[in-house]
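Source file: work-v6.cif; contents: mmCIF, C-alpha atoms, pLDDT in the B column; chains and numbers go by the auth columns.
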```cif
data_query
#
loop_
_atom_site.group_PDB
_atom_site.id
_atom_site.type_symbol
_atom_site.label_atom_id
_atom_site.label_comp_id
_atom_site.label_asym_id
_atom_site.label_seq_id
_atom_site.Cartn_x
_atom_site.Cartn_y
_atom_site.Cartn_z
_atom_site.B_iso_or_equiv
_atom_site.auth_seq_id
_atom_site.auth_asym_id
ATOM 1 C CA MET A 1 7.307 -10.788 96.874 74.00 424 A
ATOM 2 C CA ILE A 2 7.051 -10.434 93.089 90.00 425 A
ATOM 3 C CA LYS A 3 9.892 -12.092 91.238 94.00 426 A
ATOM 4 C CA SER A 4 12.034 -10.004 88.897 97.00 427 A
ATOM 5 C CA ILE A 5 13.935 -10.980 85.739 98.00 428 A
ATOM 6 C CA THR A 6 16.238 -8.436 84.117 97.00 429 A
ATOM 7 C CA SER A 7 18.349 -10.591 81.776 97.00 430 A
ATOM 8 C CA ALA A 8 17.235 -11.937 78.420 96.00 431 A
ATOM 9 C CA GLN A 9 19.684 -14.791 79.016 97.00 432 A
ATOM 10 C CA ASN A 10 17.594 -16.112 81.900 98.00 433 A
ATOM 11 C CA PRO A 11 16.676 -19.791 81.227 98.00 434 A
ATOM 12 C CA LEU A 12 12.939 -19.103 81.563 98.00 435 A
ATOM 13 C CA ILE A 13 13.131 -16.220 79.097 98.00 436 A
ATOM 14 C CA LYS A 14 15.046 -18.379 76.618 98.00 437 A
ATOM 15 C CA GLN A 15 12.307 -21.011 76.884 98.00 438 A
ATOM 16 C CA LEU A 16 9.606 -18.395 76.358 98.00 439 A
ATOM 17 C CA VAL A 17 11.384 -17.097 73.256 97.00 440 A
ATOM 18 C CA LEU A 18 11.297 -20.640 71.870 97.00 441 A
ATOM 19 C CA LEU A 19 7.552 -20.813 72.516 97.00 442 A
ATOM 20 C CA LYS A 20 7.131 -17.513 70.721 96.00 443 A
ATOM 21 C CA GLU A 21 9.124 -18.587 67.662 96.00 444 A
ATOM 22 C CA LYS A 22 8.781 -22.367 67.300 97.00 445 A
ATOM 23 C CA SER A 23 5.619 -24.394 66.750 96.00 446 A
ATOM 24 C CA ARG A 24 7.506 -27.513 67.779 97.00 447 A
ATOM 25 C CA ALA A 25 8.243 -26.025 71.210 98.00 448 A
ATOM 26 C CA ARG A 26 4.584 -25.069 71.679 97.00 449 A
ATOM 27 C CA LYS A 27 3.428 -28.575 70.781 96.00 450 A
ATOM 28 C CA LYS A 28 6.046 -30.249 72.974 97.00 451 A
ATOM 29 C CA THR A 29 5.167 -28.258 76.103 97.00 452 A
ATOM 30 C CA ASN A 30 1.458 -27.670 75.362 97.00 453 A
ATOM 31 C CA GLN A 31 2.029 -24.035 76.217 98.00 454 A
ATOM 32 C CA PHE A 32 2.101 -20.751 74.313 98.00 455 A
ATOM 33 C CA LEU A 33 2.413 -16.997 74.840 97.00 456 A
ATOM 34 C CA ILE A 34 -0.278 -14.331 74.916 96.00 457 A
ATOM 35 C CA GLU A 35 0.420 -10.614 74.900 94.00 458 A
ATOM 36 C CA GLY A 36 -1.988 -7.771 75.482 92.00 459 A
ATOM 37 C CA LYS A 37 -4.692 -7.024 78.039 93.00 460 A
ATOM 38 C CA ARG A 38 -7.661 -7.871 75.821 93.00 461 A
ATOM 39 C CA GLU A 39 -6.197 -11.152 74.640 94.00 462 A
ATOM 40 C CA LEU A 40 -5.338 -12.164 78.204 94.00 463 A
ATOM 41 C CA SER A 41 -8.824 -11.274 79.426 94.00 464 A
ATOM 42 C CA LEU A 42 -10.454 -13.268 76.615 96.00 465 A
ATOM 43 C CA ALA A 43 -8.249 -16.283 77.294 96.00 466 A
ATOM 44 C CA ILE A 44 -9.219 -16.320 80.970 94.00 467 A
ATOM 45 C CA LYS A 45 -12.885 -15.890 80.040 94.00 468 A
ATOM 46 C CA GLY A 46 -12.495 -18.756 77.557 94.00 469 A
ATOM 47 C CA GLY A 47 -11.302 -21.110 80.297 94.00 470 A
ATOM 48 C CA TYR A 48 -7.589 -21.141 79.481 96.00 471 A
ATOM 49 C CA LYS A 49 -5.227 -21.796 82.382 96.00 472 A
ATOM 50 C CA VAL A 50 -2.648 -19.030 82.732 96.00 473 A
ATOM 51 C CA ASP A 51 0.579 -20.318 84.264 96.00 474 A
ATOM 52 C CA THR A 52 2.741 -17.179 84.502 97.00 475 A
ATOM 53 C CA LEU A 53 2.251 -13.461 83.923 97.00 476 A
ATOM 54 C CA LEU A 54 5.210 -11.260 83.050 97.00 477 A
ATOM 55 C CA PHE A 55 4.828 -7.495 83.108 97.00 478 A
ATOM 56 C CA PHE A 56 6.920 -4.447 82.255 96.00 479 A
ATOM 57 C CA PRO A 57 6.023 -1.882 84.939 96.00 480 A
ATOM 58 C CA ASP A 58 6.400 1.166 82.691 95.00 481 A
ATOM 59 C CA LEU A 59 3.408 -0.070 80.657 94.00 482 A
ATOM 60 C CA PHE A 60 1.518 -2.399 83.015 94.00 483 A
ATOM 61 C CA SER A 61 1.214 -1.385 86.646 93.00 484 A
ATOM 62 C CA GLU A 62 2.245 -3.544 89.575 92.00 485 A
ATOM 63 C CA SER A 63 -1.265 -3.225 91.015 93.00 486 A
ATOM 64 C CA GLU A 64 -2.743 -4.627 87.791 92.00 487 A
ATOM 65 C CA ALA A 65 -0.258 -7.487 87.947 92.00 488 A
ATOM 66 C CA LYS A 66 -0.990 -8.254 91.596 90.00 489 A
ATOM 67 C CA ALA A 67 -4.708 -8.363 90.836 89.00 490 A
ATOM 68 C CA MET A 68 -4.027 -11.321 88.533 86.00 491 A
ATOM 69 C CA SER A 69 -2.543 -13.332 91.392 84.00 492 A
ATOM 70 C CA SER A 70 -6.076 -14.108 92.572 79.00 493 A
ATOM 71 C CA TYR A 71 -6.254 -16.527 89.632 82.00 494 A
ATOM 72 C CA GLY A 72 -3.327 -18.496 91.054 87.00 495 A
ATOM 73 C CA ILE A 73 -0.930 -17.057 88.471 93.00 496 A
ATOM 74 C CA GLU A 74 2.785 -16.598 89.119 94.00 497 A
ATOM 75 C CA ILE A 75 3.686 -12.923 88.648 96.00 498 A
ATOM 76 C CA ILE A 76 7.113 -11.812 87.344 97.00 499 A
ATOM 77 C CA GLU A 77 8.323 -8.282 86.736 97.00 500 A
ATOM 78 C CA ILE A 78 10.597 -7.978 83.694 97.00 501 A
ATOM 79 C CA SER A 79 12.973 -5.339 82.382 97.00 502 A
ATOM 80 C CA LYS A 80 12.574 -3.412 79.133 94.00 503 A
ATOM 81 C CA ASP A 81 15.193 -5.604 77.415 95.00 504 A
ATOM 82 C CA VAL A 82 13.368 -8.786 78.408 96.00 505 A
ATOM 83 C CA PHE A 83 10.005 -7.350 77.394 96.00 506 A
ATOM 84 C CA GLN A 84 11.304 -6.354 73.963 94.00 507 A
ATOM 85 C CA LYS A 85 12.770 -9.841 73.545 95.00 508 A
ATOM 86 C CA LEU A 86 9.428 -11.498 74.237 95.00 509 A
ATOM 87 C CA ALA A 87 6.973 -9.049 72.664 93.00 510 A
ATOM 88 C CA HIS A 88 5.667 -9.940 69.218 85.00 511 A
ATOM 89 C CA ARG A 89 3.947 -6.599 68.663 79.00 512 A
ATOM 90 C CA ASP A 90 5.085 -3.016 69.047 73.00 513 A
ATOM 91 C CA THR A 91 1.801 -1.982 70.660 73.00 514 A
ATOM 92 C CA THR A 92 1.590 -4.624 73.401 74.00 515 A
ATOM 93 C CA GLU A 93 0.485 -3.067 76.693 90.00 516 A
ATOM 94 C CA GLY A 94 3.401 -4.406 78.716 95.00 517 A
ATOM 95 C CA VAL A 95 1.927 -7.787 79.647 96.00 518 A
ATOM 96 C CA ILE A 96 2.844 -11.263 78.413 96.00 519 A
ATOM 97 C CA ALA A 97 1.428 -14.525 79.744 97.00 520 A
ATOM 98 C CA LEU A 98 2.451 -18.170 79.588 98.00 521 A
ATOM 99 C CA VAL A 99 -0.723 -20.157 78.957 98.00 522 A
ATOM 100 C CA ASN A 100 -1.599 -23.851 78.750 97.00 523 A
ATOM 101 C CA SER A 101 -2.984 -25.073 75.419 97.00 524 A
ATOM 102 C CA LYS A 102 -6.285 -26.870 74.930 95.00 525 A
ATOM 103 C CA THR A 103 -6.570 -30.145 73.021 92.00 526 A
ATOM 104 C CA GLN A 104 -8.876 -28.895 70.219 95.00 527 A
ATOM 105 C CA SER A 105 -10.172 -32.430 69.565 96.00 528 A
ATOM 106 C CA LEU A 106 -13.587 -33.060 68.014 97.00 529 A
ATOM 107 C CA GLU A 107 -14.588 -35.029 71.105 94.00 530 A
ATOM 108 C CA ASP A 108 -14.032 -31.940 73.266 94.00 531 A
ATOM 109 C CA LEU A 109 -16.346 -29.656 71.264 95.00 532 A
ATOM 110 C CA LYS A 110 -19.151 -28.332 73.450 93.00 533 A
ATOM 111 C CA LEU A 111 -22.193 -27.960 71.209 95.00 534 A
ATOM 112 C CA THR A 112 -24.891 -26.695 73.536 93.00 535 A
ATOM 113 C CA SER A 113 -27.329 -25.561 70.838 96.00 536 A
ATOM 114 C CA LYS A 114 -30.015 -27.961 69.628 95.00 537 A
ATOM 115 C CA ASN A 115 -29.604 -26.488 66.146 97.00 538 A
ATOM 116 C CA PRO A 116 -25.879 -25.741 65.774 98.00 539 A
ATOM 117 C CA LEU A 117 -24.161 -23.774 63.027 98.00 540 A
ATOM 118 C CA ILE A 118 -20.524 -24.678 62.382 98.00 541 A
ATOM 119 C CA LEU A 119 -17.877 -23.131 60.149 98.00 542 A
ATOM 120 C CA VAL A 120 -15.335 -25.549 58.662 98.00 543 A
ATOM 121 C CA ALA A 121 -12.128 -24.308 57.038 98.00 544 A
ATOM 122 C CA GLU A 122 -10.041 -26.872 55.177 98.00 545 A
ATOM 123 C CA ALA A 123 -6.257 -26.449 55.179 96.00 546 A
ATOM 124 C CA PRO A 124 -6.033 -22.684 55.730 94.00 547 A
ATOM 125 C CA GLU A 125 -2.349 -21.746 55.693 88.00 548 A
ATOM 126 C CA LYS A 126 -2.002 -18.003 56.167 92.00 549 A
ATOM 127 C CA PRO A 127 -2.233 -16.914 59.830 94.00 550 A
ATOM 128 C CA GLY A 128 -3.977 -13.730 58.734 94.00 551 A
ATOM 129 C CA ASN A 129 -6.723 -15.697 56.999 95.00 552 A
ATOM 130 C CA ILE A 130 -7.170 -17.999 59.989 97.00 553 A
ATOM 131 C CA GLY A 131 -7.409 -15.019 62.301 97.00 554 A
ATOM 132 C CA ALA A 132 -9.955 -13.354 60.025 97.00 555 A
ATOM 133 C CA LEU A 133 -12.026 -16.552 59.863 98.00 556 A
ATOM 134 C CA LEU A 134 -12.077 -16.712 63.656 98.00 557 A
ATOM 135 C CA ARG A 135 -13.167 -13.067 63.843 97.00 558 A
ATOM 136 C CA THR A 136 -15.995 -13.855 61.417 97.00 559 A
ATOM 137 C CA ALA A 137 -16.998 -16.871 63.518 98.00 560 A
ATOM 138 C CA ASP A 138 -17.031 -14.738 66.650 97.00 561 A
ATOM 139 C CA ALA A 139 -19.031 -11.968 64.982 97.00 562 A
ATOM 140 C CA ALA A 140 -21.686 -14.487 63.923 98.00 563 A
ATOM 141 C CA ASN A 141 -21.494 -16.336 67.241 97.00 564 A
ATOM 142 C CA VAL A 142 -21.268 -19.703 65.483 98.00 565 A
ATOM 143 C CA ASP A 143 -21.328 -22.767 67.692 98.00 566 A
ATOM 144 C CA ALA A 144 -17.908 -24.032 66.617 98.00 567 A
ATOM 145 C CA VAL A 145 -15.114 -23.796 64.092 98.00 568 A
ATOM 146 C CA ILE A 146 -13.451 -26.927 62.724 98.00 569 A
ATOM 147 C CA ILE A 147 -10.079 -26.551 61.027 98.00 570 A
ATOM 148 C CA ALA A 148 -9.718 -29.575 58.781 98.00 571 A
ATOM 149 C CA ASN A 149 -6.298 -30.796 57.638 97.00 572 A
ATOM 150 C CA PRO A 150 -4.624 -27.986 59.614 95.00 573 A
ATOM 151 C CA LYS A 151 -1.440 -26.553 58.155 93.00 574 A
ATOM 152 C CA SER A 152 -0.674 -24.066 60.908 90.00 575 A
ATOM 153 C CA ASP A 153 -0.347 -24.141 64.678 93.00 576 A
ATOM 154 C CA LEU A 154 -3.447 -22.555 66.221 96.00 577 A
ATOM 155 C CA TYR A 155 -1.314 -20.766 68.835 97.00 578 A
ATOM 156 C CA ASN A 156 0.983 -19.119 66.310 95.00 579 A
ATOM 157 C CA PRO A 157 1.416 -15.529 67.588 94.00 580 A
ATOM 158 C CA ASN A 158 0.270 -14.182 64.208 94.00 581 A
ATOM 159 C CA ILE A 159 -3.015 -16.094 64.460 96.00 582 A
ATOM 160 C CA ILE A 160 -3.643 -14.829 67.982 95.00 583 A
ATOM 161 C CA ARG A 161 -2.820 -11.280 66.874 93.00 584 A
ATOM 162 C CA SER A 162 -4.880 -11.326 63.668 95.00 585 A
ATOM 163 C CA SER A 163 -7.845 -12.896 65.445 96.00 586 A
ATOM 164 C CA VAL A 164 -7.670 -10.106 68.087 93.00 587 A
ATOM 165 C CA GLY A 165 -8.158 -12.822 70.680 94.00 588 A
ATOM 166 C CA CYS A 166 -11.111 -14.523 68.963 96.00 589 A
ATOM 167 C CA VAL A 167 -9.080 -17.735 69.027 97.00 590 A
ATOM 168 C CA PHE A 168 -10.171 -17.844 72.688 97.00 591 A
ATOM 169 C CA THR A 169 -13.852 -16.950 72.238 93.00 592 A
ATOM 170 C CA THR A 170 -15.037 -19.779 69.989 93.00 593 A
ATOM 171 C CA GLU A 171 -15.173 -23.556 70.315 97.00 594 A
ATOM 172 C CA ILE A 172 -12.431 -24.810 67.969 98.00 595 A
ATOM 173 C CA ALA A 173 -11.486 -28.312 66.884 98.00 596 A
ATOM 174 C CA MET A 174 -8.703 -29.486 64.604 97.00 597 A
ATOM 175 C CA ALA A 175 -8.980 -32.770 62.704 98.00 598 A
ATOM 176 C CA SER A 176 -8.459 -34.426 59.350 98.00 599 A
ATOM 177 C CA SER A 177 -11.137 -33.832 56.731 98.00 600 A
ATOM 178 C CA GLU A 178 -12.120 -37.492 57.002 98.00 601 A
ATOM 179 C CA GLU A 179 -12.571 -37.206 60.777 98.00 602 A
ATOM 180 C CA ALA A 180 -14.494 -33.941 60.468 98.00 603 A
ATOM 181 C CA ILE A 181 -16.878 -35.378 57.874 98.00 604 A
ATOM 182 C CA ALA A 182 -17.499 -38.475 60.010 98.00 605 A
ATOM 183 C CA PHE A 183 -18.233 -36.241 63.009 98.00 606 A
ATOM 184 C CA LEU A 184 -20.669 -34.054 61.071 98.00 607 A
ATOM 185 C CA HIS A 185 -22.491 -37.044 59.596 97.00 608 A
ATOM 186 C CA LYS A 186 -22.685 -38.717 63.006 97.00 609 A
ATOM 187 C CA TYR A 187 -24.553 -35.702 64.386 97.00 610 A
ATOM 188 C CA ASN A 188 -26.739 -35.252 61.278 97.00 611 A
ATOM 189 C CA PHE A 189 -25.352 -31.965 60.031 98.00 612 A
ATOM 190 C CA ASN A 190 -26.272 -30.713 56.589 98.00 613 A
ATOM 191 C CA ILE A 191 -22.939 -29.980 54.904 98.00 614 A
ATOM 192 C CA PHE A 192 -22.741 -27.110 52.420 98.00 615 A
ATOM 193 C CA SER A 193 -19.393 -26.983 50.640 98.00 616 A
ATOM 194 C CA ALA A 194 -18.322 -23.740 48.969 97.00 617 A
ATOM 195 C CA ILE A 195 -17.216 -24.993 45.556 93.00 618 A
ATOM 196 C CA LEU A 196 -17.699 -23.558 42.066 84.00 619 A
ATOM 197 C CA GLN A 197 -18.214 -26.927 40.357 85.00 620 A
ATOM 198 C CA GLU A 198 -21.664 -28.555 40.429 89.00 621 A
ATOM 199 C CA SER A 199 -22.917 -25.835 42.736 95.00 622 A
ATOM 200 C CA GLU A 200 -26.068 -23.860 43.318 97.00 623 A
ATOM 201 C CA PRO A 201 -26.300 -20.233 44.498 97.00 624 A
ATOM 202 C CA TYR A 202 -25.788 -20.054 48.249 98.00 625 A
ATOM 203 C CA HIS A 203 -28.872 -17.910 48.905 97.00 626 A
ATOM 204 C CA LEU A 204 -31.240 -20.575 47.564 98.00 627 A
ATOM 205 C CA GLN A 205 -30.367 -23.106 50.277 98.00 628 A
ATOM 206 C CA ASP A 206 -31.988 -23.860 53.636 98.00 629 A
ATOM 207 C CA TYR A 207 -29.615 -23.413 56.574 98.00 630 A
ATOM 208 C CA THR A 208 -32.228 -23.626 59.325 98.00 631 A
ATOM 209 C CA LEU A 209 -31.340 -27.194 60.361 98.00 632 A
ATOM 210 C CA PRO A 210 -27.979 -28.232 61.918 98.00 633 A
ATOM 211 C CA THR A 211 -25.559 -26.831 59.354 98.00 634 A
ATOM 212 C CA ALA A 212 -21.858 -26.936 58.550 98.00 635 A
ATOM 213 C CA ILE A 213 -20.580 -24.399 56.019 98.00 636 A
ATOM 214 C CA VAL A 214 -17.254 -25.463 54.544 98.00 637 A
ATOM 215 C CA VAL A 215 -14.692 -23.203 52.854 98.00 638 A
ATOM 216 C CA GLY A 216 -11.328 -24.037 51.326 96.00 639 A
ATOM 217 C CA THR A 217 -8.216 -22.186 50.287 91.00 640 A
ATOM 218 C CA GLU A 218 -8.303 -19.507 47.622 83.00 641 A
ATOM 219 C CA ALA A 219 -5.599 -21.307 45.645 83.00 642 A
ATOM 220 C CA THR A 220 -6.936 -24.868 45.490 86.00 643 A
ATOM 221 C CA GLY A 221 -10.422 -24.804 46.978 90.00 644 A
ATOM 222 C CA LEU A 222 -11.854 -27.836 48.749 95.00 645 A
ATOM 223 C CA THR A 223 -10.755 -31.431 48.288 95.00 646 A
ATOM 224 C CA GLN A 224 -12.937 -34.054 46.648 95.00 647 A
ATOM 225 C CA GLU A 225 -13.876 -35.424 50.082 97.00 648 A
ATOM 226 C CA TRP A 226 -15.942 -32.348 50.854 97.00 649 A
ATOM 227 C CA ARG A 227 -17.534 -32.318 47.408 94.00 650 A
ATOM 228 C CA LYS A 228 -18.803 -35.846 47.957 95.00 651 A
ATOM 229 C CA ALA A 229 -19.847 -35.279 51.567 97.00 652 A
ATOM 230 C CA ALA A 230 -21.924 -32.174 50.887 98.00 653 A
ATOM 231 C CA LYS A 231 -25.698 -32.102 50.933 97.00 654 A
ATOM 232 C CA GLN A 232 -25.182 -29.351 48.369 98.00 655 A
ATOM 233 C CA ASN A 233 -22.195 -27.555 46.875 97.00 656 A
ATOM 234 C CA ILE A 234 -22.779 -23.816 46.988 98.00 657 A
ATOM 235 C CA SER A 235 -21.262 -20.762 45.346 96.00 658 A
ATOM 236 C CA ILE A 236 -21.467 -16.999 45.593 96.00 659 A
ATOM 237 C CA PRO A 237 -22.518 -15.410 42.277 94.00 660 A
ATOM 238 C CA MET A 238 -19.535 -13.395 41.087 91.00 661 A
ATOM 239 C CA GLN A 239 -20.178 -10.299 39.006 90.00 662 A
ATOM 240 C CA GLY A 240 -16.668 -9.048 38.433 91.00 663 A
ATOM 241 C CA VAL A 241 -13.731 -10.267 36.371 90.00 664 A
ATOM 242 C CA ILE A 242 -12.192 -12.750 38.825 84.00 665 A
ATOM 243 C CA ASP A 243 -13.914 -15.897 40.075 76.00 666 A
ATOM 244 C CA SER A 244 -12.794 -15.971 43.707 79.00 667 A
ATOM 245 C CA MET A 245 -12.574 -13.818 46.827 88.00 668 A
ATOM 246 C CA ASN A 246 -10.737 -13.874 50.129 93.00 669 A
ATOM 247 C CA VAL A 247 -11.777 -16.945 52.125 95.00 670 A
ATOM 248 C CA SER A 248 -12.780 -14.970 55.216 95.00 671 A
ATOM 249 C CA VAL A 249 -14.964 -12.657 53.117 96.00 672 A
ATOM 250 C CA ALA A 250 -16.664 -15.641 51.475 96.00 673 A
ATOM 251 C CA ALA A 251 -17.157 -17.321 54.848 98.00 674 A
ATOM 252 C CA GLY A 252 -18.724 -14.145 56.223 98.00 675 A
ATOM 253 C CA ILE A 253 -21.226 -13.949 53.373 98.00 676 A
ATOM 254 C CA LEU A 254 -22.251 -17.585 53.771 98.00 677 A
ATOM 255 C CA ILE A 255 -22.373 -17.630 57.562 98.00 678 A
ATOM 256 C CA PHE A 256 -24.447 -14.476 57.812 98.00 679 A
ATOM 257 C CA GLU A 257 -26.943 -15.786 55.255 98.00 680 A
ATOM 258 C CA ALA A 258 -27.406 -18.770 57.566 98.00 681 A
ATOM 259 C CA LYS A 259 -27.799 -16.405 60.528 98.00 682 A
ATOM 260 C CA ARG A 260 -30.353 -14.322 58.599 98.00 683 A
ATOM 261 C CA GLN A 261 -32.433 -17.422 57.920 98.00 684 A
ATOM 262 C CA ARG A 262 -32.283 -18.213 61.634 98.00 685 A
ATOM 263 C CA ASP A 263 -33.430 -14.670 62.544 98.00 686 A
ATOM 264 C CA PHE A 264 -29.908 -14.026 63.861 96.00 687 A
ATOM 265 C CA LYS A 265 -30.408 -16.451 66.731 93.00 688 A
#
```

Can the structure in the file be given as structure tokens, please?
Amino acid sequence: MIKSITSAQNPLIKQLVLLKEKSRARKKTNQFLIEGKRELSLAIKGGYKVDTLLFFPDLFSESEAKAMSSYGIEIIEISKDVFQKLAHRDTTEGVIALVNSKTQSLEDLKLTSKNPLILVAEAPEKPGNIGALLRTADAANVDAVIIANPKSDLYNPNIIRSSVGCVFTTEIAMASSEEAIAFLHKYNFNIFSAILQESEPYHLQDYTLPTAIVVGTEATGLTQEWRKAAKQNISIPMQGVIDSMNVSVAAGILIFEAKRQRDFK
């Protein structure tokens, strides 16, 4: 028998609303919400443990829901009122899942390549930018993303949405800048920090060895730690009036130059 919940005042639904809205609740329980078929599929493919699946039968069929039970997932049918209470997007396909978080520690990174390429983003704040960075990382198939000095919860619904599920497709670690630098030096990465000061054009560098490309915020750039840790500070020659661009755009330019030098391998 599939369980059914029709009231938004149900204790489980109240707890799920907290997970949707509050980072503190997500961190306390080590759980978060996913909505959408693609995002759910990517999370399962990425090795995330799905605890509970809730579906609105007008948009997500009972047969689709039952098929998920083979993963050992609890299945609950919900009413339209409950679905609208939980959904973060207007276009969700009628499915919401309660999922267990991963630790995202540096020690848990799985770097299987002998010549890894890593993207590091220091202190990104806007969920949209973080999502776009993760989409760039997925498009380039980088070996890992490190978020240094994180300012935002990785499982913020806006990050999941803006990354179109790429938060689940890439190895991700979160650490302080000091910890990230120590990790990269320990494994002999060449660090290239995207900084205007004391920099050389990005396209003149060699990214064919183990490489970490580091980008900072558009407002303040990278901290002094990354300037000192870099093998070379790099910059993108700007030909317009302003001297900066969106961080995800800059990251894409730099990462794909590294991929070009590696014959896109």

**Request:** Take the PyMOL selection byres ((chain A and resi 481) around 12), apply it to the structure above, and return the hits as an MDAnalysis selection string.
**Result:** chainID A and resid 478:480 482:485 487 500:503 506 515:518

**Residues selected by the PyMOL selection byres ((chain A and resi 615-625) around 9), written as a PyMOL selection string** = chain A and resi 613-614+626-628+630+634-639+644-645+649-650+652-660+666+673-674+677+680

**Request:** Would you list the contacts of region 435-448 of chain A as a PyMOL selection string, taking every protein, DNA or RNA residue within 10 Å and counting all atoms listed in the file, but skipping same-chain residues closer than 2 positions in sequence?
**Result:** chain A and resi 428-433+450-457+501+505-506+508-511+520-521+575-580

**Request:** Tell me which residues the PyMOL selection byres ((chain A and resi 536-539) around 12) grabs here, as a ChimeraX atom specification.
**Result:** /A:532-535,540-542,564-568,594,607,610-613,630-636,681-682,685,688

**Message:** What does the structure give for the distance between CA of Ser585 (chain A) and CA of Ser671 (chain A), in Å to one decimal?
**Reply:**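 The value is 12.1 Å.
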
**d(CA of Ile519 (chain A), CA of Val473 (chain A)) in Å** = 10.4 Å

**Message:** For a test of reading the model, state the distance in Å between CA of Arg512 (chain A) and CA of Arg584 (chain A), rounded to one decimal.
**Reply:** 8.4 Å

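Neighbourhood of point (-8.5, -32.7, 70.3): residues with an atom at most 10 Å away, counting all atoms listed in the file, are Lys525, Thr526, Gln527, Ser528, Leu529, Glu530, Asp531, Leu532, Ile595, Ala596, Met597 and Ala598 of chain A.
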
Generate the output file for the selected residues, C-alpha atoms, as a PDB file, keeping the file's coordinate frame.
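Once everything was written out, this is selection-v7.pdb:
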```pdb
ATOM      1  CA  LYS A 525      -6.285 -26.870  74.930  1.00 95.00           C
ATOM      2  CA  THR A 526      -6.570 -30.145  73.021  1.00 92.00           C
ATOM      3  CA  GLN A 527      -8.876 -28.895  70.219  1.00 95.00           C
ATOM      4  CA  SER A 528     -10.172 -32.430  69.565  1.00 96.00           C
ATOM      5  CA  LEU A 529     -13.587 -33.060  68.014  1.00 97.00           C
ATOM      6  CA  GLU A 530     -14.588 -35.029  71.105  1.00 94.00           C
ATOM      7  CA  ASP A 531     -14.032 -31.940  73.266  1.00 94.00           C
ATOM      8  CA  LEU A 532     -16.346 -29.656  71.264  1.00 95.00           C
ATOM      9  CA  ILE A 595     -12.431 -24.810  67.969  1.00 98.00           C
ATOM     10  CA  ALA A 596     -11.486 -28.312  66.884  1.00 98.00           C
ATOM     11  CA  MET A 597      -8.703 -29.486  64.604  1.00 97.00           C
ATOM     12  CA  ALA A 598      -8.980 -32.770  62.704  1.00 98.00           C
TER      13      ALA A 598
END
```

**Item:** Residues near region 548-557 of chain A, cut-off 6 Å, all atoms listed in the file, skip fewer than 2 positions along chain, as a ChimeraX atom specification
**Value:** /A:559-560,574-575,581-582,585-586,589,671

**Request:** Find the spatial neighbours of Asn572 (chain A), counting all atoms listed in the file, within a cut-off of 7 Å - ignore same-chain residues fewer than 4 positions away - and output them as a list in words.
**Result:**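 Non-adjacent residues within range: Glu545, Ala546, Ala598, Ser599 and Ser600 of chain A.
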
**Message:** Using only C-alpha atoms, can you tell me which of A:Asp629, A:Gly495, A:Val670, A:Val587 comes closest to Asp561 (chain A)?
**Reply:**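 Ranking A:Asp629, A:Gly495, A:Val670, A:Val587 by distance to Asp561 (chain A), first place goes to A:Val587.
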
**Message:** Please list as a ChimeraX atom specification every residue within 12 Å of Ser492 (chain A), counting all atoms listed in the file and excluding residues in the same chain fewer than 4 positions away.
**Reply:** /A:424-425,473-477,485-488,496-499

Please save C-alpha atoms of the selected residues as a compact mmCIF listing (two decimals), keeping the file's coordinate frame.
```
# COMPACT_ATOMS: atom_id res chain seq x y z
CA MET A 424 7.31 -10.79 96.87
CA ILE A 425 7.05 -10.43 93.09
CA VAL A 473 -2.65 -19.03 82.73
CA ASP A 474 0.58 -20.32 84.26
CA THR A 475 2.74 -17.18 84.50
CA LEU A 476 2.25 -13.46 83.92
CA LEU A 477 5.21 -11.26 83.05
CA GLU A 485 2.24 -3.54 89.58
CA SER A 486 -1.26 -3.22 91.02
CA GLU A 487 -2.74 -4.63 87.79
CA ALA A 488 -0.26 -7.49 87.95
CA ILE A 496 -0.93 -17.06 88.47
CA GLU A 497 2.78 -16.60 89.12
CA ILE A 498 3.69 -12.92 88.65
CA ILE A 499 7.11 -11.81 87.34
```

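When all atoms listed in the file are used to measure the gap to Leu465 (chain A), the shortest distance among A:Arg449, A:Asp513, A:Met491, A:Thr593 belongs to A:Thr593.
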